Structures are given as structure tokens and as C-alpha cells.
Amino acid sequence: MAAPDGFQSSTIYIGKSYGAGKQITEVDLSFEGDGFLVLVEAKLYSPMSQADPDNDKPHNQIARKLTIGLRAAESVGKDFYFILLDIAPADCLAQLNPGASLDEAKGKASGFGGKWITSYWFSRYKYGHRGSLKPLREVLLKEGLNASQVAQVANRIGWLTWSDVFKVVLRSVIAVR
């Protein structure tokens, strides 16, 4: 996923809230620029939070960030991007529970051992299930968003590791000889 045009001149926010009413979320990091909104959800040792319908959270943390961010971007005519920042690559975290089922992924998990859930849901929304983007399309439809753009939304979802960020910071701070 390439950075949007004008990314270098974007405004950076830490802990900004997006959305309204019951559909509000605080984002770890966001970049706003002419024509784009990039939300970054940063995780370290804990897994993402699951859906909790009893407490007015019908979606897991990734779906919540995607739908609220997409709605915020659309309301001001901007393109939306989402980056999940985690300790290890998604495929490595998936190996904490290889072959997990959808029912297992809807269950509760905590601590580092539950991080496979973050990978599971990220992959389900980014790549779909059995070649179909139906999981992401269903989330968009449920929230009244334009599901015809599901492929574009999936293409603008990315995963970075903390080591990726570390390397970028080092390269920008220390001149390479």
C-alpha cells in the first residue's frame, strides 16, 4: 500500500476521537491531509477488543475503526486508509492458533496468547474468506456504508510491525553512510 499523495505534509494527531454519538472511537494515531485520512491502531502485547453487543459494541475493534474512519473520511470527501501496527507480522501471530475457526475468533482472549485474534480479523477483512471480501462487505452494509467500494477499502488496509517503525525512525534520524 503506497502512501497517499501529500502524506509528507499531513497533520498528525495522537489520541484524536472520530465519529459521533455511540459510534465514536479514539484513534492511537491519525494523519489528515488534503484528500485523505489515515487511522493507525497500535497494539503491543494485548489483542484487539472483541465485539460486545451487550455494551453497545456490535463490532470488533478493527471493524469499528474501519467503519467509523470510513464514515469520517466520506463526510469530508477524503480517501480512507487504515494501518494496524503490531509487534509481529500477521502471519506470525496467526501461528499462535493455526487453523482457528470463525467461532473461535468470536470468543474472548487476553494477553499475548490471544494476539492471533487480531491477525485473524485483519486477514479476514483485508483478504476475505475463500477469495471473497464478503466479511468486509457485510460490515460495511450493516453500517449503511457503500459496499460497492469494498475492494478499494480492502486495498487501503495495511499492517506494520513495531520493527518497521523503528527502522523508519532510525533511517530518518541517523544519516546512512
# chains A, B, ... in the order shown; residues from 1 in each chain; ligands from 1
>>> residues_around(residues="segment 54-64 of chain A", least_positions_apart="3", cutoff="12 Å", atoms="only C-alpha atoms", output="PyMOL selection string")
chain A and resi 18-19+21-27+39-43+47-51+67-71+82-85+105-108+117-126+135-143+153-154+157-159
>>> closest_residue(among="A:Ile14, A:Leu160, A:Val165, A:Ala20", to="Ala90 of chain A", atoms="only C-alpha atoms")
A:Leu160
>>> select_by_dssp(residues="segment 42-165 of chain A", states="helix (DSSP H, G or I)", output="PyMOL selection string")
chain A and resi 53-55+61-75+90-94+102-105+112-114+116-127+134-142+147-155+162-165
>>> atom_distance(atom1="atom CA of Ser46 of chain A", atom2="atom CA of Pro98 of chain A")
18.3 Å
